[in-house]
$ cat query.cif   # mmCIF, C-alpha atoms
data_final
loop_
_atom_site.label_atom_id
_atom_site.label_comp_id
_atom_site.auth_asym_id
_atom_site.auth_seq_id
_atom_site.Cartn_x
_atom_site.Cartn_y
_atom_site.Cartn_z
CA MET A 1 0.00 0.00 0.00
CA VAL A 2 1.16 3.52 -0.73
CA ALA A 3 2.29 5.57 2.29
CA ARG A 4 -0.28 8.33 1.67
CA GLN A 5 -3.17 5.85 2.03
CA LYS A 6 -2.04 4.41 5.36
CA LYS A 7 -3.92 4.99 8.59
CA THR A 8 -0.81 6.56 10.16
CA ARG A 9 -1.24 9.68 8.00
CA LYS A 10 -4.63 10.43 9.62
CA LEU A 11 -3.31 9.64 13.09
CA ARG A 12 -0.49 12.21 13.02
CA GLY A 13 -0.80 14.39 16.08
CA HIS A 14 -2.91 11.92 18.05
CA VAL A 15 -0.75 10.64 20.88
CA SER A 16 -1.61 6.94 21.18
CA ALA A 17 -2.48 6.37 17.49
CA GLY A 18 -5.74 4.53 18.24
CA HIS A 19 -4.27 2.02 20.70
CA GLY A 20 -5.46 3.63 23.93
CA ARG A 21 -3.52 5.32 26.72
CA ILE A 22 -4.04 2.71 29.43
CA GLY A 23 -3.59 -0.73 27.80
CA LYS A 24 -0.64 0.40 25.62
CA HIS A 25 0.25 -1.21 22.29
CA ARG A 26 2.92 -3.73 23.19
CA LYS A 27 4.58 -6.19 20.79
CA HIS A 28 3.04 -9.68 21.30
CA PRO A 29 1.24 -9.79 24.64
CA GLY A 30 -0.40 -13.19 24.06
CA GLY A 31 2.59 -14.81 22.35
CA ARG A 32 3.03 -15.34 18.62
CA GLY A 33 0.85 -17.63 16.53
CA ASN A 34 -0.69 -20.58 18.34
CA ALA A 35 1.19 -19.95 21.60
CA GLY A 36 -0.73 -20.77 24.75
CA GLY A 37 -2.84 -23.59 23.35
CA LEU A 38 -2.54 -25.44 26.66
CA LEU A 39 -2.60 -22.28 28.79
CA HIS A 40 -4.50 -19.06 28.09
CA ARG A 41 -5.99 -20.24 24.75
CA ARG A 42 -7.02 -23.63 26.09
CA ALA A 43 -10.77 -22.98 25.93
CA ASN A 44 -10.53 -22.15 22.22
CA PHE A 45 -8.42 -25.22 21.40
CA ASP A 46 -10.66 -27.55 23.40
CA LYS A 47 -13.83 -26.18 21.83
CA TYR A 48 -12.85 -25.70 18.20
CA HIS A 49 -9.88 -28.08 17.76
CA PRO A 50 -10.47 -31.20 19.88
CA GLY A 51 -7.65 -33.74 19.62
CA TYR A 52 -5.10 -31.15 18.47
CA PHE A 53 -2.56 -32.14 21.13
CA GLY A 54 -1.15 -35.59 21.82
CA LYS A 55 -0.25 -38.64 19.80
CA CYS A 56 -2.19 -41.48 18.24
CA GLY A 57 -1.17 -44.87 16.89
CA MET A 58 2.21 -46.41 16.26
CA ARG A 59 5.20 -44.92 14.53
CA TYR A 60 6.26 -46.37 11.19
CA PHE A 61 9.86 -45.49 10.37
CA HIS A 62 10.59 -44.76 6.72
CA LEU A 63 7.08 -45.36 5.43
CA THR A 64 7.13 -46.09 1.72
CA ARG A 65 3.70 -45.98 0.09
CA ASN A 66 4.54 -48.00 -3.04
CA LYS A 67 4.25 -51.39 -1.30
CA TYR A 68 0.61 -50.58 -0.50
CA TYR A 69 -0.25 -49.33 -4.01
CA CYS A 70 -3.27 -51.35 -5.15
CA PRO A 71 -5.78 -49.50 -7.37
CA THR A 72 -9.08 -51.36 -7.64
CA ILE A 73 -11.84 -51.76 -10.20
CA ASN A 74 -15.31 -53.21 -9.74
CA VAL A 75 -16.80 -56.04 -11.77
CA ASP A 76 -19.46 -53.75 -13.26
CA LYS A 77 -16.77 -51.49 -14.77
CA LEU A 78 -14.72 -54.32 -16.36
CA TRP A 79 -16.29 -53.98 -19.80
CA THR A 80 -15.43 -50.26 -19.96
CA LEU A 81 -11.77 -51.28 -20.37
CA VAL A 82 -12.45 -52.73 -23.82
CA SER A 83 -14.35 -51.16 -26.70
CA GLU A 84 -18.08 -51.66 -27.21
CA GLN A 85 -17.51 -53.38 -30.55
CA THR A 86 -15.29 -55.99 -28.85
CA ARG A 87 -18.16 -56.84 -26.54
CA THR A 88 -20.70 -57.14 -29.36
CA HIS A 89 -18.23 -59.19 -31.46
CA TYR A 90 -17.69 -61.73 -28.66
CA ALA A 91 -21.42 -61.79 -27.84
CA LYS A 92 -21.98 -63.42 -31.24
CA GLU A 93 -18.83 -65.58 -31.25
CA THR A 94 -19.27 -67.74 -28.15
CA GLU A 95 -16.41 -70.25 -28.71
CA LYS A 96 -13.83 -67.61 -27.77
CA ALA A 97 -13.81 -65.21 -24.84
CA PRO A 98 -12.17 -61.76 -24.76
CA VAL A 99 -9.20 -61.18 -22.46
CA ILE A 100 -9.43 -58.11 -20.24
CA ASP A 101 -6.04 -57.28 -18.71
CA VAL A 102 -6.83 -54.89 -15.85
CA VAL A 103 -3.13 -54.49 -14.94
CA ARG A 104 -2.50 -52.98 -18.37
CA ALA A 105 -5.30 -50.51 -17.66
CA GLY A 106 -3.61 -49.53 -14.38
CA TYR A 107 -5.65 -51.56 -11.88
CA TYR A 108 -4.35 -54.34 -9.63
CA LYS A 109 -7.40 -55.75 -7.87
CA VAL A 110 -10.87 -56.67 -9.10
CA LEU A 111 -13.72 -56.20 -6.60
CA GLY A 112 -17.22 -57.66 -6.76
CA LYS A 113 -19.61 -54.69 -6.85
CA GLY A 114 -22.31 -54.67 -9.53
CA LEU A 115 -23.44 -57.08 -12.23
CA LEU A 116 -21.70 -58.62 -15.22
CA PRO A 117 -23.43 -59.20 -18.57
CA LYS A 118 -24.07 -62.91 -19.22
CA GLN A 119 -21.00 -63.25 -21.39
CA ALA A 120 -17.80 -65.24 -20.80
CA VAL A 121 -14.67 -63.20 -20.20
CA ILE A 122 -11.09 -63.93 -19.19
CA VAL A 123 -9.88 -61.40 -16.61
CA LYS A 124 -6.20 -60.96 -15.79
CA ALA A 125 -5.34 -59.24 -12.51
CA LYS A 126 -2.96 -59.42 -9.55
CA PHE A 127 -5.75 -59.88 -6.98
CA PHE A 128 -9.42 -60.88 -7.01
CA SER A 129 -11.91 -60.57 -4.18
CA ARG A 130 -13.95 -63.68 -3.42
CA THR A 131 -17.20 -62.14 -4.72
CA ALA A 132 -15.54 -60.89 -7.92
CA GLU A 133 -14.16 -64.34 -8.66
CA LYS A 134 -17.57 -65.91 -8.07
CA LYS A 135 -19.37 -63.44 -10.35
CA ILE A 136 -16.85 -63.87 -13.18
CA LYS A 137 -17.08 -67.67 -12.96
CA ASP A 138 -20.89 -67.56 -12.81
CA VAL A 139 -21.07 -65.96 -16.28
CA GLY A 140 -18.68 -68.62 -17.63
CA GLY A 141 -15.49 -66.61 -17.42
CA SER A 142 -12.19 -67.26 -15.71
CA CYS A 143 -9.78 -65.38 -13.44
CA VAL A 144 -6.08 -65.41 -14.28
CA LEU A 145 -3.58 -64.23 -11.69
CA VAL A 146 -0.64 -62.20 -13.00
CA ALA A 147 2.50 -61.44 -11.02
#
$ encode --input "query.cif" --output "structure tokens"
Amino acid sequence: MVARQKKTRKLRGHVSAGHGRIGKHRKHPGGRGNAGGLLHRRANFDKYHPGYFGKCGMRYFHLTRNKYYCPTINVDKLWTLVSEQTRTHYAKETEKAPVIDVVRAGYYKVLGKGLLPKQAVIVKAKFFSRTAEKKIKDVGGSCVLVA
């Protein structure tokens, strides 16, 4: 902000500059930032930020997230990984079944939510839930585990 627009310009000649004669404008009377969360600001922290202080759970040294990386896809979304014409082609030709490789599409685990069309399909994945495996086998398909 430009100096001429500051409040100080209007307050020239007024002794306490709007901060009162008695209380006095001191630097940081309550401490800086969140100071006093367990002392004079305790009521505020207890009311508006419960659980702010303390610890919870166990420590895990050098946590690497990649070992837990397991994106999932549901059974009802399996056919979105291949084109619509593939599905119609294999609906007519029943001797062969299309192979859907979910790992190539970026998913590791197949879960069992939703319904599958009554059409055989070979699904390749790293993991299958029990319900997903049952649903795929019920429509005449098979589950292939890939490393």
$ atom_distance --input "query.cif" --atom1 "CA of Met1 (chain A)" --atom2 "CA of Gly23 (chain A)"
28.0 Å
$ residues_around --input "query.cif" --residues "region 50-52 of chain A" --least-positions-apart "6" --cutoff "12 Å" --atoms "only C-alpha atoms" --output "list in words"
Asn34, Gly37, Leu38, Arg42, Ala43 and Asn44 of chain A
$ closest_residue --input "query.cif" --among "A:Phe61, A:Pro98, A:Ala105, A:Ser129" --to "Leu81 (chain A)" --atoms "all atoms listed in the file"
A:Ala105
$ closest_residue --input "query.cif" --among "A:Lys47, A:Lys124, A:Arg130, A:His19" --to "Ser142 (chain A)" --atoms "only C-alpha atoms"
A:Lys124
$ atom_distance --input "query.cif" --atom1 "CA of Lys113 (chain A)" --atom2 "CA of Gln85 (chain A)"
23.8 Å
$ decode --input "query.cif" --residues "region 21-37 of chain A" --atoms "N, CA, C and O atoms" --output "PDB file, in the first residue's frame"
ATOM      1  N   ARG A  21      -4.588   4.858  25.823  1.00  0.00           N
ATOM      2  CA  ARG A  21      -3.524   5.319  26.716  1.00  0.00           C
ATOM      3  C   ARG A  21      -3.210   4.282  27.792  1.00  0.00           C
ATOM      4  O   ARG A  21      -2.071   4.120  28.192  1.00  0.00           O
ATOM      5  N   ILE A  22      -4.238   3.557  28.249  1.00  0.00           N
ATOM      6  CA  ILE A  22      -4.040   2.713  29.431  1.00  0.00           C
ATOM      7  C   ILE A  22      -3.420   1.360  29.067  1.00  0.00           C
ATOM      8  O   ILE A  22      -2.404   0.968  29.609  1.00  0.00           O
ATOM      9  N   GLY A  23      -4.065   0.626  28.109  1.00  0.00           N
ATOM     10  CA  GLY A  23      -3.589  -0.726  27.800  1.00  0.00           C
ATOM     11  C   GLY A  23      -2.252  -0.761  27.105  1.00  0.00           C
ATOM     12  O   GLY A  23      -1.495  -1.708  27.255  1.00  0.00           O
ATOM     13  N   LYS A  24      -1.908   0.264  26.367  1.00  0.00           N
ATOM     14  CA  LYS A  24      -0.645   0.396  25.616  1.00  0.00           C
ATOM     15  C   LYS A  24      -0.467  -0.693  24.552  1.00  0.00           C
ATOM     16  O   LYS A  24      -0.804  -1.846  24.768  1.00  0.00           O
ATOM     17  N   HIS A  25       0.035  -0.294  23.416  1.00  0.00           N
ATOM     18  CA  HIS A  25       0.250  -1.206  22.289  1.00  0.00           C
ATOM     19  C   HIS A  25       1.620  -1.842  22.436  1.00  0.00           C
ATOM     20  O   HIS A  25       2.628  -1.260  22.067  1.00  0.00           O
ATOM     21  N   ARG A  26       1.646  -3.036  23.012  1.00  0.00           N
ATOM     22  CA  ARG A  26       2.922  -3.732  23.194  1.00  0.00           C
ATOM     23  C   ARG A  26       3.090  -4.750  22.066  1.00  0.00           C
ATOM     24  O   ARG A  26       2.151  -5.056  21.347  1.00  0.00           O
ATOM     25  N   LYS A  27       4.257  -5.351  21.967  1.00  0.00           N
ATOM     26  CA  LYS A  27       4.581  -6.186  20.792  1.00  0.00           C
ATOM     27  C   LYS A  27       3.671  -7.417  20.638  1.00  0.00           C
ATOM     28  O   LYS A  27       2.819  -7.461  19.777  1.00  0.00           O
ATOM     29  N   HIS A  28       3.861  -8.473  21.449  1.00  0.00           N
ATOM     30  CA  HIS A  28       3.036  -9.682  21.303  1.00  0.00           C
ATOM     31  C   HIS A  28       2.600 -10.137  22.684  1.00  0.00           C
ATOM     32  O   HIS A  28       3.132 -11.122  23.211  1.00  0.00           O
ATOM     33  N   PRO A  29       1.600  -9.498  23.252  1.00  0.00           N
ATOM     34  CA  PRO A  29       1.241  -9.787  24.637  1.00  0.00           C
ATOM     35  C   PRO A  29       0.719 -11.208  24.871  1.00  0.00           C
ATOM     36  O   PRO A  29       0.871 -11.763  25.942  1.00  0.00           O
ATOM     37  N   GLY A  30       0.128 -11.830  23.867  1.00  0.00           N
ATOM     38  CA  GLY A  30      -0.400 -13.190  24.062  1.00  0.00           C
ATOM     39  C   GLY A  30       0.518 -14.256  23.517  1.00  0.00           C
ATOM     40  O   GLY A  30       0.166 -15.432  23.475  1.00  0.00           O
ATOM     41  N   GLY A  31       1.686 -13.881  23.027  1.00  0.00           N
ATOM     42  CA  GLY A  31       2.588 -14.807  22.349  1.00  0.00           C
ATOM     43  C   GLY A  31       2.283 -14.828  20.863  1.00  0.00           C
ATOM     44  O   GLY A  31       1.230 -14.387  20.433  1.00  0.00           O
ATOM     45  N   ARG A  32       3.217 -15.337  20.071  1.00  0.00           N
ATOM     46  CA  ARG A  32       3.030 -15.341  18.618  1.00  0.00           C
ATOM     47  C   ARG A  32       2.300 -16.604  18.156  1.00  0.00           C
ATOM     48  O   ARG A  32       2.514 -17.684  18.709  1.00  0.00           O
ATOM     49  N   GLY A  33       1.491 -16.473  17.159  1.00  0.00           N
ATOM     50  CA  GLY A  33       0.849 -17.633  16.529  1.00  0.00           C
ATOM     51  C   GLY A  33      -0.056 -18.396  17.464  1.00  0.00           C
ATOM     52  O   GLY A  33      -0.922 -17.825  18.106  1.00  0.00           O
ATOM     53  N   ASN A  34       0.170 -19.708  17.535  1.00  0.00           N
ATOM     54  CA  ASN A  34      -0.691 -20.581  18.344  1.00  0.00           C
ATOM     55  C   ASN A  34      -0.221 -20.732  19.780  1.00  0.00           C
ATOM     56  O   ASN A  34      -0.620 -21.664  20.473  1.00  0.00           O
ATOM     57  N   ALA A  35       0.644 -19.830  20.238  1.00  0.00           N
ATOM     58  CA  ALA A  35       1.191 -19.949  21.600  1.00  0.00           C
ATOM     59  C   ALA A  35       0.063 -19.947  22.619  1.00  0.00           C
ATOM     60  O   ALA A  35      -0.933 -19.264  22.454  1.00  0.00           O
ATOM     61  N   GLY A  36       0.241 -20.740  23.665  1.00  0.00           N
ATOM     62  CA  GLY A  36      -0.727 -20.771  24.752  1.00  0.00           C
ATOM     63  C   GLY A  36      -1.901 -21.682  24.489  1.00  0.00           C
ATOM     64  O   GLY A  36      -2.956 -21.520  25.095  1.00  0.00           O
ATOM     65  N   GLY A  37      -1.741 -22.670  23.630  1.00  0.00           N
ATOM     66  CA  GLY A  37      -2.836 -23.595  23.348  1.00  0.00           C
ATOM     67  C   GLY A  37      -3.215 -24.439  24.553  1.00  0.00           C
ATOM     68  O   GLY A  37      -4.338 -24.903  24.661  1.00  0.00           O
TER      69      GLY A  37
END
